[in-house]
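Q: What follows is the file work.cif, containing mmCIF, C-alpha atoms:
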```cif
data_protein
#
loop_
_atom_site.group_PDB
_atom_site.id
_atom_site.type_symbol
_atom_site.label_atom_id
_atom_site.label_comp_id
_atom_site.auth_asym_id
_atom_site.auth_seq_id
_atom_site.Cartn_x
_atom_site.Cartn_y
_atom_site.Cartn_z
ATOM 1 C CA MET A 1 7.954 -7.814 29.390
ATOM 2 C CA GLY A 2 5.234 -10.340 30.190
ATOM 3 C CA GLU A 3 4.809 -13.978 29.275
ATOM 4 C CA ARG A 4 7.075 -15.017 26.406
ATOM 5 C CA LYS A 5 4.509 -17.188 24.672
ATOM 6 C CA ALA A 6 2.997 -16.753 21.218
ATOM 7 C CA LEU A 7 1.241 -18.660 18.443
ATOM 8 C CA LEU A 8 2.156 -18.258 14.779
ATOM 9 C CA ILE A 9 -0.645 -18.644 12.228
ATOM 10 C CA LEU A 10 1.265 -19.467 9.063
ATOM 11 C CA HIS A 11 -0.121 -19.490 5.515
ATOM 12 C CA GLY A 12 0.004 -23.024 4.150
ATOM 13 C CA LYS A 13 2.194 -22.025 1.191
ATOM 14 C CA GLN A 14 4.949 -21.134 3.661
ATOM 15 C CA ALA A 15 4.904 -24.433 5.557
ATOM 16 C CA THR A 16 8.192 -25.549 3.971
ATOM 17 C CA ASN A 17 9.922 -22.165 4.226
ATOM 18 C CA ASP A 18 13.311 -22.931 5.775
ATOM 19 C CA ASP A 19 13.913 -19.299 6.743
ATOM 20 C CA VAL A 20 10.700 -19.301 8.777
ATOM 21 C CA ARG A 21 11.638 -22.570 10.481
ATOM 22 C CA THR A 22 15.079 -21.202 11.367
ATOM 23 C CA ALA A 23 13.557 -17.971 12.716
ATOM 24 C CA VAL A 24 11.061 -19.869 14.878
ATOM 25 C CA GLU A 25 13.786 -22.099 16.275
ATOM 26 C CA ALA A 26 15.935 -19.046 17.062
ATOM 27 C CA ARG A 27 13.107 -17.433 19.009
ATOM 28 C CA ARG A 28 12.589 -20.656 20.942
ATOM 29 C CA GLU A 29 16.288 -20.641 21.832
ATOM 30 C CA ASP A 30 15.784 -17.065 23.057
ATOM 31 C CA GLY A 31 13.223 -18.354 25.552
ATOM 32 C CA TRP A 32 9.989 -17.871 23.642
ATOM 33 C CA GLU A 33 7.391 -20.636 23.775
ATOM 34 C CA LEU A 34 6.387 -20.386 20.142
ATOM 35 C CA ALA A 35 3.715 -22.676 18.672
ATOM 36 C CA VAL A 36 2.908 -22.894 14.938
ATOM 37 C CA ARG A 37 -0.388 -23.638 13.201
ATOM 38 C CA VAL A 38 -0.685 -23.825 9.396
ATOM 39 C CA THR A 39 -3.684 -22.847 7.272
ATOM 40 C CA TRP A 40 -5.030 -25.191 4.621
ATOM 41 C CA GLU A 41 -8.228 -23.656 3.258
ATOM 42 C CA ALA A 42 -10.416 -20.561 3.451
ATOM 43 C CA GLY A 43 -11.532 -19.738 6.967
ATOM 44 C CA ASP A 44 -8.649 -21.503 8.691
ATOM 45 C CA ALA A 45 -6.965 -18.300 9.864
ATOM 46 C CA ARG A 46 -10.150 -17.130 11.577
ATOM 47 C CA ARG A 47 -10.682 -20.540 13.173
ATOM 48 C CA LEU A 48 -7.089 -20.683 14.393
ATOM 49 C CA VAL A 49 -7.372 -17.208 15.925
ATOM 50 C CA GLY A 50 -10.418 -18.384 17.896
ATOM 51 C CA GLU A 51 -8.629 -21.512 19.073
ATOM 52 C CA ALA A 52 -5.528 -19.553 20.091
ATOM 53 C CA LEU A 53 -7.504 -17.021 22.105
ATOM 54 C CA ALA A 54 -9.535 -19.772 23.765
ATOM 55 C CA ALA A 55 -6.257 -21.485 24.727
ATOM 56 C CA GLY A 56 -5.106 -18.299 26.459
ATOM 57 C CA TYR A 57 -2.529 -16.981 24.010
ATOM 58 C CA ARG A 58 -1.929 -13.269 24.585
ATOM 59 C CA THR A 59 0.280 -12.772 21.512
ATOM 60 C CA LEU A 60 -0.430 -14.000 17.981
ATOM 61 C CA ILE A 61 1.738 -13.814 14.863
ATOM 62 C CA ALA A 62 0.336 -13.608 11.327
ATOM 63 C CA GLY A 63 2.667 -15.191 8.776
ATOM 64 C CA GLY A 64 1.799 -14.611 5.123
ATOM 65 C CA GLY A 65 0.887 -11.876 2.664
ATOM 66 C CA ASP A 66 -1.249 -8.790 3.193
ATOM 67 C CA GLY A 67 -4.423 -10.871 2.951
ATOM 68 C CA THR A 68 -3.344 -13.210 5.759
ATOM 69 C CA LEU A 69 -2.349 -10.286 7.963
ATOM 70 C CA ARG A 70 -5.750 -8.682 7.381
ATOM 71 C CA GLU A 71 -7.663 -11.876 8.083
ATOM 72 C CA VAL A 72 -5.886 -12.531 11.380
ATOM 73 C CA ALA A 73 -6.218 -8.908 12.515
ATOM 74 C CA GLU A 74 -9.919 -8.838 11.638
ATOM 75 C CA ALA A 75 -10.601 -12.080 13.513
ATOM 76 C CA MET A 76 -8.817 -10.792 16.622
ATOM 77 C CA VAL A 77 -10.782 -7.541 16.709
ATOM 78 C CA GLN A 78 -14.103 -9.220 15.980
ATOM 79 C CA ALA A 79 -13.400 -11.592 18.876
ATOM 80 C CA ASP A 80 -13.124 -8.485 21.092
ATOM 81 C CA SER A 81 -9.642 -9.573 22.089
ATOM 82 C CA ASP A 82 -6.945 -7.363 23.563
ATOM 83 C CA ALA A 83 -4.211 -9.828 22.588
ATOM 84 C CA SER A 84 -1.347 -8.329 20.598
ATOM 85 C CA LEU A 85 -0.344 -9.140 17.022
ATOM 86 C CA ALA A 86 3.085 -9.433 15.414
ATOM 87 C CA LEU A 87 3.606 -9.620 11.663
ATOM 88 C CA LEU A 88 5.730 -12.068 9.704
ATOM 89 C CA PRO A 89 5.446 -10.686 6.135
ATOM 90 C CA LEU A 90 5.832 -13.473 3.571
ATOM 91 C CA GLY A 91 3.820 -12.249 0.579
ATOM 92 C CA THR A 92 4.801 -10.841 -2.795
ATOM 93 C CA ALA A 93 4.036 -7.185 -2.211
ATOM 94 C CA ASN A 94 4.012 -6.930 1.607
ATOM 95 C CA ASP A 95 2.678 -3.401 1.163
ATOM 96 C CA PHE A 96 1.655 -2.845 4.756
ATOM 97 C CA ALA A 97 4.829 -4.274 6.271
ATOM 98 C CA ARG A 98 7.126 -2.321 3.957
ATOM 99 C CA ALA A 99 5.432 0.994 4.736
ATOM 100 C CA ALA A 100 5.404 0.236 8.470
ATOM 101 C CA GLY A 101 9.100 -0.664 8.560
ATOM 102 C CA VAL A 102 8.526 -4.309 9.535
ATOM 103 C CA PRO A 103 11.572 -6.316 8.391
ATOM 104 C CA LEU A 104 10.984 -8.791 5.587
ATOM 105 C CA GLU A 105 13.632 -11.193 6.881
ATOM 106 C CA PRO A 106 11.792 -13.669 9.179
ATOM 107 C CA ARG A 107 14.271 -13.646 12.044
ATOM 108 C CA GLU A 108 14.303 -9.840 12.178
ATOM 109 C CA ALA A 109 10.519 -9.686 11.913
ATOM 110 C CA LEU A 110 10.071 -12.039 14.867
ATOM 111 C CA ALA A 111 12.478 -9.902 16.888
ATOM 112 C CA LEU A 112 9.634 -7.383 17.111
ATOM 113 C CA LEU A 113 8.006 -9.711 19.655
ATOM 114 C CA ASP A 114 10.349 -8.020 22.121
ATOM 115 C CA VAL A 115 8.984 -4.556 21.291
ATOM 116 C CA ALA A 116 5.946 -3.427 23.261
ATOM 117 C CA PRO A 117 2.780 -3.338 21.120
ATOM 118 C CA ARG A 118 1.126 -0.046 20.196
ATOM 119 C CA ALA A 119 -2.581 0.567 19.764
ATOM 120 C CA ILE A 120 -3.405 1.246 16.109
ATOM 121 C CA ASP A 121 -6.536 1.987 14.120
ATOM 122 C CA LEU A 122 -8.133 -0.378 11.646
ATOM 123 C CA GLY A 123 -10.333 0.520 8.710
ATOM 124 C CA ASP A 124 -13.921 -0.715 8.645
ATOM 125 C CA ALA A 125 -15.496 -1.044 5.193
ATOM 126 C CA GLY A 126 -19.105 -2.038 5.762
ATOM 127 C CA GLY A 127 -18.123 -4.471 8.509
ATOM 128 C CA HIS A 128 -15.043 -5.773 6.691
ATOM 129 C CA LEU A 129 -11.934 -4.746 8.612
ATOM 130 C CA PHE A 130 -8.600 -3.945 6.995
ATOM 131 C CA LEU A 131 -5.093 -3.056 8.131
ATOM 132 C CA ASN A 132 -3.840 -1.304 5.048
ATOM 133 C CA MET A 133 -6.104 0.100 2.355
ATOM 134 C CA VAL A 134 -9.265 -0.051 0.295
ATOM 135 C CA THR A 135 -8.550 0.466 -3.386
ATOM 136 C CA GLY A 136 -11.007 0.837 -6.218
ATOM 137 C CA GLY A 137 -11.105 1.449 -9.941
ATOM 138 C CA PHE A 138 -8.227 0.513 -12.214
ATOM 139 C CA GLY A 139 -5.783 -0.191 -9.385
ATOM 140 C CA SER A 140 -8.141 -2.738 -7.884
ATOM 141 C CA LYS A 141 -8.457 -4.486 -11.283
ATOM 142 C CA ILE A 142 -4.670 -4.784 -11.474
ATOM 143 C CA THR A 143 -4.469 -6.445 -8.061
ATOM 144 C CA ALA A 144 -7.304 -8.864 -8.861
ATOM 145 C CA ASN A 145 -5.883 -9.886 -12.261
ATOM 146 C CA THR A 146 -2.231 -10.387 -11.331
ATOM 147 C CA SER A 147 -1.543 -14.127 -11.345
ATOM 148 C CA GLU A 148 0.228 -15.959 -8.550
ATOM 149 C CA ASP A 149 2.706 -17.441 -11.048
ATOM 150 C CA LEU A 150 3.648 -13.999 -12.343
ATOM 151 C CA LYS A 151 4.113 -12.706 -8.800
ATOM 152 C CA LYS A 152 6.435 -15.627 -8.041
ATOM 153 C CA VAL A 153 8.622 -14.746 -11.034
ATOM 154 C CA LEU A 154 8.570 -10.942 -10.927
ATOM 155 C CA GLY A 155 7.574 -10.069 -7.362
ATOM 156 C CA GLY A 156 6.030 -6.617 -6.990
ATOM 157 C CA ALA A 157 6.867 -5.761 -10.611
ATOM 158 C CA ALA A 158 4.134 -8.218 -11.648
ATOM 159 C CA TYR A 159 1.504 -5.628 -10.741
ATOM 160 C CA PHE A 160 3.104 -3.088 -13.065
ATOM 161 C CA LEU A 161 3.260 -5.549 -15.948
ATOM 162 C CA THR A 162 -0.368 -6.577 -15.418
ATOM 163 C CA GLY A 163 -1.360 -2.920 -15.447
ATOM 164 C CA LEU A 164 0.333 -2.375 -18.790
ATOM 165 C CA THR A 165 -1.480 -5.338 -20.338
ATOM 166 C CA HIS A 166 -4.886 -4.102 -19.152
ATOM 167 C CA PHE A 167 -4.748 -0.566 -20.575
ATOM 168 C CA ALA A 168 -7.374 -1.500 -23.171
ATOM 169 C CA GLU A 169 -9.869 -2.237 -20.386
ATOM 170 C CA VAL A 170 -9.519 1.137 -18.713
ATOM 171 C CA HIS A 171 -12.661 3.137 -18.085
ATOM 172 C CA SER A 172 -13.589 5.700 -15.487
ATOM 173 C CA ALA A 173 -16.315 5.381 -12.886
ATOM 174 C CA MET A 174 -18.787 8.001 -11.727
ATOM 175 C CA GLY A 175 -19.059 8.381 -8.005
ATOM 176 C CA SER A 176 -19.524 10.651 -5.035
ATOM 177 C CA PHE A 177 -17.536 10.849 -1.807
ATOM 178 C CA ARG A 178 -18.919 12.387 1.360
ATOM 179 C CA GLY A 179 -17.369 12.889 4.793
ATOM 180 C CA PRO A 180 -17.225 15.487 7.577
ATOM 181 C CA ASP A 181 -16.876 18.879 5.820
ATOM 182 C CA PHE A 182 -15.964 17.092 2.579
ATOM 183 C CA PHE A 183 -17.777 16.327 -0.656
ATOM 184 C CA TRP A 184 -16.531 15.434 -4.123
ATOM 185 C CA GLU A 185 -18.406 14.047 -7.105
ATOM 186 C CA GLY A 186 -17.221 13.181 -10.591
ATOM 187 C CA GLU A 187 -15.534 10.629 -12.816
ATOM 188 C CA PHE A 188 -12.461 8.937 -11.424
ATOM 189 C CA LEU A 189 -9.931 6.317 -12.485
ATOM 190 C CA ALA A 190 -8.785 5.067 -9.110
ATOM 191 C CA LEU A 191 -9.257 5.625 -5.407
ATOM 192 C CA GLY A 192 -7.489 4.681 -2.217
ATOM 193 C CA ILE A 193 -8.782 4.893 1.335
ATOM 194 C CA GLY A 194 -5.729 4.293 3.429
ATOM 195 C CA ASN A 195 -4.964 3.319 6.966
ATOM 196 C CA GLY A 196 -1.535 2.425 5.541
ATOM 197 C CA ARG A 197 0.288 4.151 2.705
ATOM 198 C CA GLN A 198 0.830 1.881 -0.281
ATOM 199 C CA ALA A 199 -0.908 -0.851 -2.276
ATOM 200 C CA GLY A 200 -0.603 -2.865 -5.485
ATOM 201 C CA GLY A 201 3.053 -3.746 -5.101
ATOM 202 C CA GLY A 202 4.520 -0.550 -3.670
ATOM 203 C CA HIS A 203 2.423 2.271 -5.130
ATOM 204 C CA PRO A 204 2.085 5.014 -2.470
ATOM 205 C CA LEU A 205 -1.546 6.071 -2.882
ATOM 206 C CA CYS A 206 -1.806 7.624 0.595
ATOM 207 C CA PRO A 207 1.783 8.669 1.372
ATOM 208 C CA GLN A 208 0.940 10.645 4.533
ATOM 209 C CA ALA A 209 -1.265 8.065 6.271
ATOM 210 C CA VAL A 210 -0.516 6.983 9.832
ATOM 211 C CA LEU A 211 -1.988 4.202 11.937
ATOM 212 C CA ASN A 212 -2.812 5.952 15.194
ATOM 213 C CA ASP A 213 -4.414 9.282 14.277
ATOM 214 C CA GLY A 214 -8.049 8.143 14.248
ATOM 215 C CA LEU A 215 -8.343 9.077 10.568
ATOM 216 C CA LEU A 216 -8.286 7.506 7.118
ATOM 217 C CA ASP A 217 -6.528 9.110 4.159
ATOM 218 C CA LEU A 218 -8.648 9.442 1.024
ATOM 219 C CA CYS A 219 -7.065 9.786 -2.402
ATOM 220 C CA ILE A 220 -9.099 10.118 -5.622
ATOM 221 C CA ILE A 221 -7.567 10.173 -9.115
ATOM 222 C CA PRO A 222 -10.075 12.070 -11.301
ATOM 223 C CA ALA A 223 -10.491 10.879 -14.887
ATOM 224 C CA PRO A 224 -8.124 12.992 -17.036
ATOM 225 C CA GLN A 225 -8.000 13.586 -20.763
ATOM 226 C CA ASP A 226 -4.629 11.852 -20.945
ATOM 227 C CA VAL A 227 -5.683 8.477 -19.533
ATOM 228 C CA VAL A 228 -2.600 6.559 -20.668
ATOM 229 C CA GLY A 229 -0.189 9.173 -19.347
ATOM 230 C CA THR A 230 -1.940 9.345 -15.997
ATOM 231 C CA LEU A 231 -2.040 5.568 -15.596
ATOM 232 C CA THR A 232 1.618 5.261 -16.539
ATOM 233 C CA THR A 233 2.487 7.766 -13.825
ATOM 234 C CA LEU A 234 0.225 6.017 -11.328
ATOM 235 C CA LEU A 235 1.682 2.580 -12.038
ATOM 236 C CA SER A 236 5.300 3.711 -11.987
ATOM 237 C CA GLY A 237 5.189 5.946 -8.930
ATOM 238 C CA GLY A 238 1.819 5.844 -7.228
ATOM 239 C CA ILE A 239 0.258 9.187 -6.387
ATOM 240 C CA LEU A 240 3.699 10.823 -6.380
ATOM 241 C CA GLY A 241 3.743 12.933 -9.504
ATOM 242 C CA LEU A 242 -0.036 13.273 -9.605
ATOM 243 C CA GLU A 243 -0.466 15.561 -6.597
ATOM 244 C CA ALA A 244 -1.648 18.428 -8.784
ATOM 245 C CA VAL A 245 -4.612 16.486 -10.178
ATOM 246 C CA SER A 246 -5.513 14.214 -7.267
ATOM 247 C CA VAL A 247 -8.163 14.925 -4.629
ATOM 248 C CA SER A 248 -7.197 14.100 -1.070
ATOM 249 C CA ALA A 249 -8.622 14.399 2.416
ATOM 250 C CA ARG A 250 -8.075 13.017 5.904
ATOM 251 C CA LEU A 251 -11.340 11.873 7.455
ATOM 252 C CA PRO A 252 -12.722 9.712 10.287
ATOM 253 C CA TRP A 253 -15.211 8.265 7.795
ATOM 254 C CA VAL A 254 -16.204 8.555 4.154
ATOM 255 C CA GLU A 255 -19.251 7.338 2.254
ATOM 256 C CA VAL A 256 -18.688 6.238 -1.348
ATOM 257 C CA GLU A 257 -21.524 5.929 -3.851
ATOM 258 C CA ALA A 258 -21.262 4.674 -7.426
ATOM 259 C CA ALA A 259 -24.491 3.888 -9.250
ATOM 260 C CA GLU A 260 -22.824 1.374 -11.573
ATOM 261 C CA GLY A 261 -21.066 -0.331 -8.679
ATOM 262 C CA LEU A 262 -17.391 -0.539 -7.822
ATOM 263 C CA ASP A 263 -14.887 -3.366 -7.751
ATOM 264 C CA LEU A 264 -12.943 -2.832 -4.544
ATOM 265 C CA ASN A 265 -10.026 -4.551 -2.885
ATOM 266 C CA LEU A 266 -9.411 -4.674 0.878
ATOM 267 C CA ASP A 267 -5.859 -5.902 1.484
ATOM 268 C CA GLY A 268 -6.413 -8.671 -1.046
ATOM 269 C CA GLU A 269 -10.097 -9.314 -0.334
ATOM 270 C CA PRO A 270 -12.362 -8.455 -3.304
ATOM 271 C CA LEU A 271 -15.571 -6.575 -2.577
ATOM 272 C CA GLU A 272 -18.299 -5.235 -4.849
ATOM 273 C CA SER A 273 -20.511 -2.391 -3.733
ATOM 274 C CA SER A 274 -22.492 0.550 -5.070
ATOM 275 C CA ARG A 275 -22.591 2.272 -1.684
ATOM 276 C CA LEU A 276 -20.083 1.828 1.100
ATOM 277 C CA ARG A 277 -19.224 3.587 4.333
ATOM 278 C CA VAL A 278 -15.578 3.305 5.357
ATOM 279 C CA SER A 279 -14.576 4.434 8.824
ATOM 280 C CA ALA A 280 -11.659 4.288 11.233
ATOM 281 C CA ARG A 281 -11.882 2.004 14.249
ATOM 282 C CA VAL A 282 -9.703 3.947 16.646
ATOM 283 C CA GLY A 283 -7.170 1.953 18.685
ATOM 284 C CA ALA A 284 -8.769 -1.342 17.659
ATOM 285 C CA LEU A 285 -5.639 -3.518 17.617
ATOM 286 C CA ARG A 286 -2.386 -3.802 19.570
ATOM 287 C CA LEU A 287 0.410 -4.315 17.059
ATOM 288 C CA HIS A 288 4.150 -4.964 17.474
ATOM 289 C CA LEU A 289 5.909 -2.434 15.244
ATOM 290 C CA PRO A 290 9.375 -0.857 15.168
ATOM 291 C CA GLU A 291 9.579 1.999 17.648
ATOM 292 C CA ASP A 292 10.537 4.320 14.784
ATOM 293 C CA SER A 293 7.878 3.057 12.370
ATOM 294 C CA PRO A 294 6.971 5.769 9.808
ATOM 295 C CA LEU A 295 3.310 4.884 10.254
ATOM 296 C CA LEU A 296 3.180 5.816 13.942
ATOM 297 C CA LEU A 297 2.712 9.202 15.500
ATOM 298 C CA PRO A 298 5.154 9.682 18.386
ATOM 299 C CA GLY A 299 4.006 9.074 21.928
#
```
Written as structure tokens, how would this file's structure read?
A:
Amino acid sequence: MGERKALLILHGKQATNDDVRTAVEARREDGWELAVRVTWEAGDARRLVGEALAAGYRTLIAGGGDGTLREVAEAMVQADSDASLALLPLGTANDFARAAGVPLEPREALALLDVAPRAIDLGDAGGHLFLNMVTGGFGSKITANTSEDLKKVLGGAAYFLTGLTHFAEVHSAMGSFRGPDFFWEGEFLALGIGNGRQAGGGHPLCPQAVLNDGLLDLCIIPAPQDVVGTLTTLLSGGILGLEAVSVSARLPWVEVEAAEGLDLNLDGEPLESSRLRVSARVGALRLHLPEDSPLLLPG
């Protein structure tokens, strides 16, 4: 392998994480020159990516939750960099890392620095890049309304509890979805456009998605008569159990229109839009993943 030098961009909330410190020190003992920079406020991750690339770092590490991973990945691609990225998942849900098989224990996660990076796709939602998934409808509301304190106490189960407490706010949205040889229009409760497979604390909305096929997986949950029953199934097991009523497709791009507007979530970043084109950026990022990652096609 090449130069054993990397820079870790660490979310400020994890600055006192002893497990992270121990993992970094272990990698240094293994011969890695590993620098650490900590974020403090919005925009720091992007700034630190720019500084790292300007300093000649060829490998970066994103340490934090799904939002931090997305922000670092987006900044790298928008800088037109071919540096590689490793993930140190430290969030509550860690949806992308869990689906990709990235270890949640810091020392094991940093061991992936020794695995050659693979080119993966990213999603592009109107110029906003994402690693994992765009969600909309009720599922997006759950993610936005789940408090940090509740996530600290309950972990991923916090999303389920928040969903239960927001049943009274449930309403469907009217929208249309258009892609190559695909069109669907109607009322829906939730949608997922996945580069990865799960969102909202472990709910597998796009269980067949992979990262290096040049496609995005679309899943639409049409509005049913039994709203409560459908949402209970969705919250407890994701799309599994709703295959018979869901609409799915695998597309290089999809255009979503909703006259009343949609509240969307891109790996933790809120976005409002009445019309949005979401497409796959093929091979946009070099990512260190387990060789047997479920999200990678072989080869």
Q: Take the PyMOL selection byres ((chain A and resi 28-37) around 8), run it mentally on this structure, and tell me the resulting residues as a list in words.
A: Arg4, Lys5, Ala6, Leu7, Leu8, Ile9, Leu10, Val24, Glu25, Ala26, Arg27, Val38, Thr39 and Leu48 of chain A
Q: Let me know the residues the PyMOL selection byres ((chain A and resi 106) around 8) catches in the file above, as a compact mmCIF listing (two decimals) with C-alpha atoms, in the coordinates of the input.
A:
```
# COMPACT_ATOMS: atom_id res chain seq x y z
CA ASP A 19 13.91 -19.30 6.74
CA VAL A 20 10.70 -19.30 8.78
CA ALA A 23 13.56 -17.97 12.72
CA LEU A 88 5.73 -12.07 9.70
CA PRO A 89 5.45 -10.69 6.14
CA PRO A 103 11.57 -6.32 8.39
CA LEU A 104 10.98 -8.79 5.59
CA GLU A 105 13.63 -11.19 6.88
CA ARG A 107 14.27 -13.65 12.04
CA GLU A 108 14.30 -9.84 12.18
CA ALA A 109 10.52 -9.69 11.91
CA LEU A 110 10.07 -12.04 14.87
```
Q: With only C-alpha atoms as the basis for distance, which of A:Thr68, A:Asn94, A:Ser176, A:Ser81 is at the shortest distance from Glu269 in chain A?
A: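 The closest residue to Glu269 in chain A is A:Thr68.
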Q: Do you know which residues are at most 7 Å from Met133 in chain A counting only C-alpha atoms, after dropping those on the same chain fewer than 3 positions away, and could you put them as number ranges by chain?
A: A: 130, 192-196, 266-267
Q: Quick check, in Å to one decimal: how far apart do CA of Leu113 in chain A and CA of Leu215 in chain A lie?
A: 26.5 Å
Q: Rounded to one decimal place, report the CA of Glu260 in chain A-CA of Leu205 in chain A distance in Å.
A: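 Atom-to-atom, CA of Glu260 in chain A to CA of Leu205 in chain A, that is 23.5 Å.
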Q: Residue by residue, what does the PyMOL selection byres ((chain A and resi 58) around 6) grab here? Present the result as a PyMOL selection string.
A: chain A and resi 57+59+83
Q: Give me the residues near range 179-190 of chain A as a PyMOL selection string, where near means some atom within 6 Å (using only C-alpha atoms) and where sequence neighbours in that chain fewer than 5 positions away do not count.
A: chain A and resi 136-138+172-174+221-223+253-254
Q: For each of A:Leu122, A:Val115, A:Ala62, A:Ala15, take the minimum atom-to-atom distance to Pro290 in chain A, counting only C-alpha atoms, then give the residue where this is smallest.
A: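 Selected residue with least distance to Pro290 in chain A: A:Val115.
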Q: Looking at A:Thr16, A:Arg47, A:Asn265, A:Leu211, which one is nearest to Gly67 in chain A, with distances taken over all atoms listed in the file?
A: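 Checking each of A:Thr16, A:Arg47, A:Asn265, A:Leu211 against Gly67 in chain A, counting all atoms listed in the file, the winner is A:Asn265.
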Q: When you count only C-alpha atoms, which of these residues is closest to Val102 in chain A: A:Ala86, A:Ala258, A:Thr22, A:Ala116?
A: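 Smallest distance to Val102 in chain A is found for A:Ala86.
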Q: Between A:Arg70, A:Arg178, A:Arg98, A:Arg286, which has the minimum distance to Arg46 in chain A (counting all atoms listed in the file)?
A: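 The shortest atom-to-atom distance to Arg46 in chain A comes from A:Arg70.
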Q: For a quick check of understanding, using only C-alpha atoms, which of A:Ala259, A:Ile61, A:Ala73, A:Val134 has the smallest distance to Arg275 in chain A?
A: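 Smallest distance to Arg275 in chain A is found for A:Ala259.
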Q: To one decimal place, how far is CA of Phe177 in chain A from CA of Pro294 in chain A in Å?
A: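 Taking CA of Phe177 in chain A and CA of Pro294 in chain A, their separation equals 27.6 Å.
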Q: List as a VMD selection string the protein and nucleic acid residues near Val77 in chain A, meaning an atom at most 12 Å away when all atoms listed in the file are counted, but skip any in the same chain fewer than 3 places from it.
A: chain A and resid 46 49 to 50 53 70 to 74 80 to 85 119 to 124 127 to 131 281 to 287
